[in-house]
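Asks: Structure: start_13.txt, compact mmCIF, C-alpha atoms.
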```txt
# COMPACT_ATOMS: atom_id res chain seq x y z
CA MET A 1 -14.58 10.73 19.39
CA LYS A 2 -11.72 11.05 16.94
CA ARG A 3 -11.55 8.41 14.20
CA ALA A 4 -9.11 7.50 11.48
CA VAL A 5 -8.80 5.57 8.25
CA LEU A 6 -5.30 4.38 7.37
CA PHE A 7 -4.41 3.18 3.89
CA ASP A 8 -1.73 1.05 2.33
CA LEU A 9 -0.23 2.81 -0.69
CA ASP A 10 0.60 0.43 -3.54
CA GLY A 11 -2.47 -1.10 -5.13
CA VAL A 12 -4.79 0.77 -2.77
CA LEU A 13 -4.29 4.49 -3.45
CA VAL A 14 -1.96 4.23 -6.44
CA ASP A 15 -2.19 1.98 -9.48
CA SER A 16 1.32 0.60 -9.22
CA ARG A 17 1.06 -3.14 -9.82
CA HIS A 18 2.69 -3.02 -13.26
CA ALA A 19 5.37 -0.61 -12.03
CA GLN A 20 6.23 -2.90 -9.15
CA LEU A 21 6.61 -5.86 -11.49
CA THR A 22 8.62 -3.73 -13.93
CA THR A 23 10.97 -2.74 -11.11
CA LEU A 24 11.56 -6.39 -10.27
CA ALA A 25 12.18 -7.29 -13.91
CA GLY A 26 14.46 -4.29 -14.43
CA PHE A 27 16.58 -5.01 -11.40
CA ALA A 28 16.78 -8.71 -12.24
CA THR A 29 17.99 -7.79 -15.74
CA PHE A 30 20.65 -5.54 -14.17
CA ALA A 31 21.71 -8.07 -11.52
CA LEU A 32 21.66 -11.24 -13.61
CA GLY A 33 23.09 -9.77 -16.80
CA ARG A 34 20.32 -11.18 -18.95
CA ARG A 35 16.98 -9.88 -20.12
CA VAL A 36 14.15 -10.55 -17.66
CA THR A 37 10.65 -9.42 -18.60
CA VAL A 38 7.51 -9.06 -16.50
CA ALA A 39 6.25 -12.26 -18.16
CA ASP A 40 9.27 -14.10 -16.74
CA LEU A 41 8.33 -13.28 -13.15
CA PRO A 42 6.52 -15.84 -10.98
CA VAL A 43 2.77 -15.32 -10.76
CA TRP A 44 3.06 -14.43 -7.08
CA ALA A 45 5.70 -11.74 -7.61
CA ALA A 46 3.45 -8.76 -6.80
CA THR A 47 2.61 -9.97 -3.29
CA THR A 48 5.92 -11.54 -2.24
CA PRO A 49 9.06 -9.92 -0.77
CA ARG A 50 11.49 -8.94 -3.50
CA GLU A 51 14.25 -11.18 -2.09
CA HIS A 52 12.08 -14.26 -2.66
CA VAL A 53 11.19 -13.22 -6.20
CA LEU A 54 14.81 -12.55 -7.12
CA ALA A 55 15.90 -15.86 -5.57
CA GLU A 56 13.34 -17.65 -7.72
CA LEU A 57 14.93 -15.99 -10.75
CA GLY A 58 18.39 -17.14 -9.66
CA TYR A 59 19.75 -14.08 -7.84
CA THR A 60 20.60 -14.55 -4.17
CA GLY A 61 23.14 -11.78 -3.64
CA ALA A 62 22.71 -8.50 -1.79
CA ILE A 63 20.36 -6.01 -3.41
CA ASP A 64 22.32 -3.06 -4.73
CA GLN A 65 20.31 -0.06 -3.54
CA GLY A 66 21.50 2.19 -6.34
CA GLY A 67 20.40 -0.31 -8.96
CA TRP A 68 17.08 -0.86 -7.21
CA ASP A 69 16.40 2.88 -6.94
CA ALA A 70 17.18 3.39 -10.61
CA ALA A 71 14.81 0.59 -11.61
CA THR A 72 12.12 1.99 -9.30
CA ALA A 73 12.49 5.56 -10.55
CA THR A 74 12.13 4.44 -14.16
CA ALA A 75 9.20 2.12 -13.51
CA THR A 76 7.21 4.62 -11.45
CA LEU A 77 7.22 7.31 -14.16
CA THR A 78 3.87 5.96 -15.36
CA VAL A 79 2.29 5.42 -11.94
CA GLU A 80 -0.79 7.47 -11.11
CA ALA A 81 -3.09 7.70 -8.12
CA PHE A 82 -6.42 5.97 -8.64
CA PRO A 83 -9.13 8.47 -9.70
CA PHE A 84 -11.08 7.87 -6.49
CA ALA A 85 -8.17 8.70 -4.18
CA ALA A 86 -8.45 12.50 -3.97
CA PRO A 87 -12.26 12.71 -3.64
CA THR A 88 -12.28 9.90 -1.07
CA LEU A 89 -9.63 11.57 1.08
CA ALA A 90 -11.36 14.94 0.74
CA ALA A 91 -14.70 13.47 1.81
CA LEU A 92 -13.13 11.81 4.85
CA ARG A 93 -11.50 15.09 5.86
CA PHE A 94 -14.85 16.88 5.45
CA ALA A 95 -16.37 14.27 7.79
CA ASP A 96 -13.62 15.05 10.35
CA VAL A 97 -11.98 11.62 9.95
CA ALA A 98 -8.19 11.61 10.11
CA THR A 99 -6.31 9.84 7.32
CA GLY A 100 -2.91 8.24 7.03
CA ILE A 101 -0.71 6.04 4.86
CA VAL A 102 1.32 3.14 6.23
CA THR A 103 3.57 1.78 3.50
CA LEU A 104 6.61 -0.37 2.88
CA ARG A 105 7.92 2.30 0.51
CA SER A 106 10.78 4.53 1.63
CA ARG A 107 10.02 8.20 2.27
CA GLN A 108 12.10 9.24 -0.73
CA ARG A 109 9.75 7.39 -3.06
CA ILE A 110 6.49 8.85 -1.74
CA ASP A 111 6.95 11.98 -3.88
CA TRP A 112 7.58 9.74 -6.89
CA LEU A 113 4.18 8.14 -6.45
CA LEU A 114 1.82 10.77 -5.06
CA PRO A 115 1.15 14.28 -6.35
CA PRO A 116 0.89 17.20 -3.88
CA VAL A 117 -2.90 17.28 -4.23
CA ILE A 118 -3.05 13.83 -2.63
CA LEU A 119 -0.33 14.38 -0.04
CA ASP A 120 -2.07 17.55 1.13
CA LEU A 121 -5.12 15.45 2.05
CA ILE A 122 -3.13 12.96 4.18
CA ASP A 123 -2.56 13.73 7.85
CA ILE A 124 0.30 11.27 8.49
CA VAL A 125 2.60 9.11 6.35
CA VAL A 126 4.53 6.25 7.95
CA CYS A 127 7.22 4.73 5.72
CA TYR A 128 9.54 1.73 5.81
CA GLU A 129 12.25 3.52 7.76
CA ASP A 130 9.88 4.90 10.40
CA ALA A 131 8.83 1.63 12.09
CA VAL A 132 9.19 -2.14 11.94
CA PRO A 133 7.50 -3.03 8.62
CA LYS A 134 4.19 -4.82 8.21
CA PRO A 135 3.01 -7.43 9.14
CA ALA A 136 4.25 -5.99 12.45
CA PRO A 137 1.72 -3.52 13.89
CA ASP A 138 4.34 -0.86 14.69
CA GLY A 139 3.65 1.41 11.71
CA LEU A 140 -0.09 1.45 12.30
CA LEU A 141 0.35 2.13 16.00
CA LEU A 142 2.84 4.92 15.28
CA ALA A 143 0.41 6.59 12.87
CA LEU A 144 -2.47 6.37 15.35
CA ASP A 145 -0.34 7.67 18.18
CA LYS A 146 0.61 10.73 16.15
CA LEU A 147 -3.03 11.24 15.15
CA GLY A 148 -4.29 10.81 18.70
CA VAL A 149 -6.67 8.02 17.70
CA SER A 150 -7.14 4.75 19.57
CA PRO A 151 -6.90 1.49 17.55
CA GLY A 152 -10.52 0.67 18.28
CA ASP A 153 -11.58 3.83 16.46
CA ALA A 154 -9.57 3.15 13.32
CA MET A 155 -9.55 0.96 10.23
CA PHE A 156 -6.79 0.01 7.83
CA VAL A 157 -7.52 -0.44 4.13
CA GLY A 158 -5.01 -2.81 2.58
CA ASP A 159 -4.60 -5.31 -0.23
CA THR A 160 -2.21 -7.96 1.09
CA GLU A 161 -2.16 -10.62 3.76
CA SER A 162 0.51 -8.68 5.66
CA ASP A 163 -1.80 -5.66 5.75
CA MET A 164 -4.58 -7.71 7.33
CA HIS A 165 -2.19 -9.31 9.83
CA ALA A 166 -0.78 -5.90 10.80
CA ALA A 167 -4.26 -4.50 11.38
CA HIS A 168 -5.25 -7.43 13.57
CA ALA A 169 -2.04 -7.15 15.58
CA ALA A 170 -2.65 -3.43 16.10
CA GLY A 171 -6.29 -3.88 17.15
CA VAL A 172 -7.45 -1.94 14.08
CA THR A 173 -10.38 -3.03 11.89
CA PRO A 174 -8.88 -4.68 8.76
CA VAL A 175 -10.60 -3.72 5.50
CA GLY A 176 -9.61 -5.49 2.29
CA SER A 177 -9.40 -3.59 -0.99
CA GLY A 178 -10.77 -5.88 -3.66
CA TRP A 179 -9.18 -3.76 -6.39
CA GLY A 180 -5.62 -4.30 -5.11
CA PHE A 181 -2.84 -6.84 -5.54
CA SER A 182 -4.49 -9.81 -3.76
CA ALA A 183 -7.67 -11.71 -4.54
CA PRO A 184 -10.65 -10.99 -2.26
CA ALA A 185 -10.65 -14.59 -1.02
CA THR A 186 -7.01 -14.22 0.05
CA LEU A 187 -7.85 -11.12 2.08
CA THR A 188 -10.83 -12.85 3.69
CA ARG A 189 -8.66 -15.80 4.72
CA ALA A 190 -6.11 -13.35 6.14
CA GLY A 191 -8.76 -11.93 8.46
CA ALA A 192 -10.34 -8.97 6.68
CA ALA A 193 -13.47 -7.86 8.52
CA VAL A 194 -14.89 -6.93 5.12
CA VAL A 195 -13.53 -6.90 1.57
CA LEU A 196 -14.77 -4.01 -0.55
CA PRO A 197 -15.29 -5.23 -4.13
CA HIS A 198 -15.05 -1.81 -5.77
CA THR A 199 -14.37 1.84 -5.08
CA ASP A 200 -17.80 3.29 -5.82
CA ASP A 201 -18.54 5.88 -3.12
CA LEU A 202 -15.59 4.57 -1.13
CA ALA A 203 -15.75 7.38 1.44
CA GLY A 204 -19.45 6.76 2.05
CA THR A 205 -18.82 3.05 2.48
CA LEU A 206 -15.99 3.61 4.92
CA LEU A 207 -18.02 6.13 6.91
CA SER A 208 -20.89 3.67 7.03
CA LEU A 209 -18.59 0.95 8.34
CA MET A 210 -17.48 3.39 11.04
CA GLY A 211 -21.06 4.20 11.90
CA THR A 212 -20.73 7.85 10.90
CA GLY A 213 -22.21 7.97 7.45
CA GLN A 214 -24.43 6.30 4.88
CA GLN A 215 -23.61 3.13 2.96
CA GLY A 216 -22.60 3.96 -0.58
CA GLY A 217 -22.97 2.05 -3.81
```
Render the structure in this file as structure tokens.
Replies:
Amino acid sequence: MKRAVLFDLDGVLVDSRHAQLTTLAGFATFALGRRVTVADLPVWAATTPREHVLAELGYTGAIDQGGWDAATATATLTVEAFPFAAPTLAALRFADVATGIVTLRSRQRIDWLLPPVILDLIDIVVCYEDAVPKPAPDGLLLALDKLGVSPGDAMFVGDTESDMHAAHAAGVTPVGSGWGFSAPATLTRAGAAVVLPHTDDLAGTLLSLMGTGQQGG
């Protein structure tokens, strides 16, 4: 039986919370013509669509893609994958579990965020332009179809309510990442089957949840 673990990207595999907030502040500064800092953003900015955040700051116009890309490119210069990402993905591959990323990022920005050593360990990457975005299940289902894995044999590790909703809609086991953008209680309310509080032996924990390995610390 073929199995798969799919991951969200931001906040789950890469430590990008500050970069995401910096992008919002940078674009708002560009669009509004006044200095906007991360401290000026609403507290819910990291888990809310950018249009809503910008509207809260007073900008309701169209988002200039060139300006947004410039802000993103600058902000992501300091983004790094979490230290556990590569060993976790390698351990899953060794256990013959397929892996994938389903993200709201565009394909262009994947190379900005992930080094080749990580990308080489991922079997499929589904980006914003590939399918209807989360919370729709389309991206998850597309990834599983390409991997040849049925939804009942897969789990999705995410850190937002939309991640949990997408997993439920796809028939995939929703796993909350307690180290991500949202509080564990938020993920539980959104329907996470389990919320992992930390990343210690993440591969072992995921394999255990799938019934193919031992529970890790």
Asks: Padding 4 Å on every side, please: axis-aligned box over the listed atoms of range 31-40 of chain A, centre and edge lengths to one decimal in Å, as lines of an AutoDock Vina configuration file.
Replies:
```
center_x = 14.7
center_y = -11.1
center_z = -15.8
size_x = 24.8
size_y = 14.0
size_z = 16.6
```
Asks: Could you give me, as number ranges by chain, the residues within 12 Å of Val132 in chain A, counting only C-alpha atoms and dropping anything in the same chain fewer than 2 positions from it?
Replies: A: 102-104, 126-130, 134-142, 166
Asks: At most 12 Å from (-11.1, 3.3, 15.0), file frame, only C-alpha atoms: which residues, as a PDB file with C-alpha atoms, keeping the file's coordinate frame?
Replies:
```
ATOM      1  CA  MET A   1     -14.580  10.730  19.390  1.00  0.00           C
ATOM      2  CA  LYS A   2     -11.720  11.050  16.940  1.00  0.00           C
ATOM      3  CA  ARG A   3     -11.550   8.410  14.200  1.00  0.00           C
ATOM      4  CA  ALA A   4      -9.110   7.500  11.480  1.00  0.00           C
ATOM      5  CA  VAL A   5      -8.800   5.570   8.250  1.00  0.00           C
ATOM      6  CA  LEU A   6      -5.300   4.380   7.370  1.00  0.00           C
ATOM      7  CA  VAL A  97     -11.980  11.620   9.950  1.00  0.00           C
ATOM      8  CA  ALA A  98      -8.190  11.610  10.110  1.00  0.00           C
ATOM      9  CA  THR A  99      -6.310   9.840   7.320  1.00  0.00           C
ATOM     10  CA  LEU A 140      -0.090   1.450  12.300  1.00  0.00           C
ATOM     11  CA  LEU A 141       0.350   2.130  16.000  1.00  0.00           C
ATOM     12  CA  LEU A 144      -2.470   6.370  15.350  1.00  0.00           C
ATOM     13  CA  LEU A 147      -3.030  11.240  15.150  1.00  0.00           C
ATOM     14  CA  GLY A 148      -4.290  10.810  18.700  1.00  0.00           C
ATOM     15  CA  VAL A 149      -6.670   8.020  17.700  1.00  0.00           C
ATOM     16  CA  SER A 150      -7.140   4.750  19.570  1.00  0.00           C
ATOM     17  CA  PRO A 151      -6.900   1.490  17.550  1.00  0.00           C
ATOM     18  CA  GLY A 152     -10.520   0.670  18.280  1.00  0.00           C
ATOM     19  CA  ASP A 153     -11.580   3.830  16.460  1.00  0.00           C
ATOM     20  CA  ALA A 154      -9.570   3.150  13.320  1.00  0.00           C
ATOM     21  CA  MET A 155      -9.550   0.960  10.230  1.00  0.00           C
ATOM     22  CA  PHE A 156      -6.790   0.010   7.830  1.00  0.00           C
ATOM     23  CA  ALA A 167      -4.260  -4.500  11.380  1.00  0.00           C
ATOM     24  CA  ALA A 170      -2.650  -3.430  16.100  1.00  0.00           C
ATOM     25  CA  GLY A 171      -6.290  -3.880  17.150  1.00  0.00           C
ATOM     26  CA  VAL A 172      -7.450  -1.940  14.080  1.00  0.00           C
ATOM     27  CA  THR A 173     -10.380  -3.030  11.890  1.00  0.00           C
ATOM     28  CA  PRO A 174      -8.880  -4.680   8.760  1.00  0.00           C
ATOM     29  CA  VAL A 175     -10.600  -3.720   5.500  1.00  0.00           C
ATOM     30  CA  LEU A 206     -15.990   3.610   4.920  1.00  0.00           C
ATOM     31  CA  LEU A 207     -18.020   6.130   6.910  1.00  0.00           C
ATOM     32  CA  LEU A 209     -18.590   0.950   8.340  1.00  0.00           C
ATOM     33  CA  MET A 210     -17.480   3.390  11.040  1.00  0.00           C
ATOM     34  CA  GLY A 211     -21.060   4.200  11.900  1.00  0.00           C
ATOM     35  CA  THR A 212     -20.730   7.850  10.900  1.00  0.00           C
TER      36      THR A 212
END
```
Asks: What separation in Å, quoted to one decimal, exists between CA of Trp179 in chain A and CA of His198 in chain A?
Replies: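 Atom-to-atom, CA of Trp179 in chain A to CA of His198 in chain A, that is 6.2 Å.
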Asks: Residues near Leu202 in chain A, anyone? I mean within 12 Å using all atoms listed in the file, not counting same-chain ones fewer than 6 positions away, as a list in words.
Replies: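 The residues that qualify are Val5, Val12, Leu13, Phe82, Pro83, Phe84, Ala85, Ala86, Pro87, Thr88, Leu89, Ala90, Ala91, Leu92, Val157, Val175, Ser177, Gly178, Trp179, Val195, Leu196, Ser208, Leu209, Gly213, Gln214, Gln215, Gly216 and Gly217 of chain A.
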Asks: Using Å and a single decimal, report how far CA of Arg35 in chain A sits from CA of Ala81 in chain A.
Replies: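 Calculated distance between CA of Ala81 in chain A and CA of Arg35 in chain A is 29.3 Å.
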Asks: I'd like the neighbourhood of Leu113 in chain A as a PyMOL selection string, where a residue qualifies if any of its atoms comes within 8 Å (using all atoms listed in the file), though same-chain residues fewer than 5 positions away should be ignored.
Replies: chain A and resi 14+76+79-81
Asks: Output requested as a short mmCIF file (atom, residue, chain, number, x, y, z; two decimals), in the frame of the given file - range 99-110 of chain A, filled out with N, CA, C and O atoms.
Replies:
```cif
data_model
loop_
_atom_site.label_atom_id
_atom_site.label_comp_id
_atom_site.auth_asym_id
_atom_site.auth_seq_id
_atom_site.Cartn_x
_atom_site.Cartn_y
_atom_site.Cartn_z
N THR A 99 -6.78 10.81 8.31
CA THR A 99 -6.31 9.84 7.32
C THR A 99 -4.80 9.68 7.40
O THR A 99 -4.08 10.59 7.81
N GLY A 100 -4.34 8.51 7.02
CA GLY A 100 -2.91 8.24 7.03
C GLY A 100 -2.54 7.16 6.04
O GLY A 100 -3.40 6.41 5.56
N ILE A 101 -1.27 7.09 5.71
CA ILE A 101 -0.71 6.04 4.86
C ILE A 101 0.34 5.30 5.67
O ILE A 101 1.17 5.93 6.34
N VAL A 102 0.29 3.98 5.63
CA VAL A 102 1.32 3.14 6.23
C VAL A 102 1.82 2.24 5.11
O VAL A 102 1.08 1.37 4.63
N THR A 103 3.06 2.44 4.70
CA THR A 103 3.57 1.78 3.50
C THR A 103 4.95 1.19 3.71
O THR A 103 5.71 1.63 4.59
N LEU A 104 5.27 0.21 2.89
CA LEU A 104 6.61 -0.37 2.88
C LEU A 104 7.56 0.43 1.99
O LEU A 104 8.75 0.11 1.91
N ARG A 105 7.07 1.44 1.32
CA ARG A 105 7.92 2.30 0.51
C ARG A 105 8.79 3.18 1.41
O ARG A 105 8.40 3.52 2.52
N SER A 106 9.95 3.58 0.90
CA SER A 106 10.78 4.53 1.63
C SER A 106 10.21 5.93 1.43
O SER A 106 9.49 6.21 0.46
N ARG A 107 10.55 6.84 2.33
CA ARG A 107 10.02 8.20 2.27
C ARG A 107 10.43 8.90 0.98
O ARG A 107 9.67 9.69 0.42
N GLN A 108 11.63 8.62 0.51
CA GLN A 108 12.10 9.24 -0.73
C GLN A 108 11.16 8.98 -1.89
O GLN A 108 10.97 9.83 -2.77
N ARG A 109 10.54 7.78 -1.90
CA ARG A 109 9.75 7.39 -3.06
C ARG A 109 8.30 7.86 -3.00
O ARG A 109 7.56 7.73 -3.98
N ILE A 110 7.87 8.39 -1.85
CA ILE A 110 6.49 8.85 -1.74
C ILE A 110 6.21 9.95 -2.77
O ILE A 110 5.17 9.97 -3.43
#
```
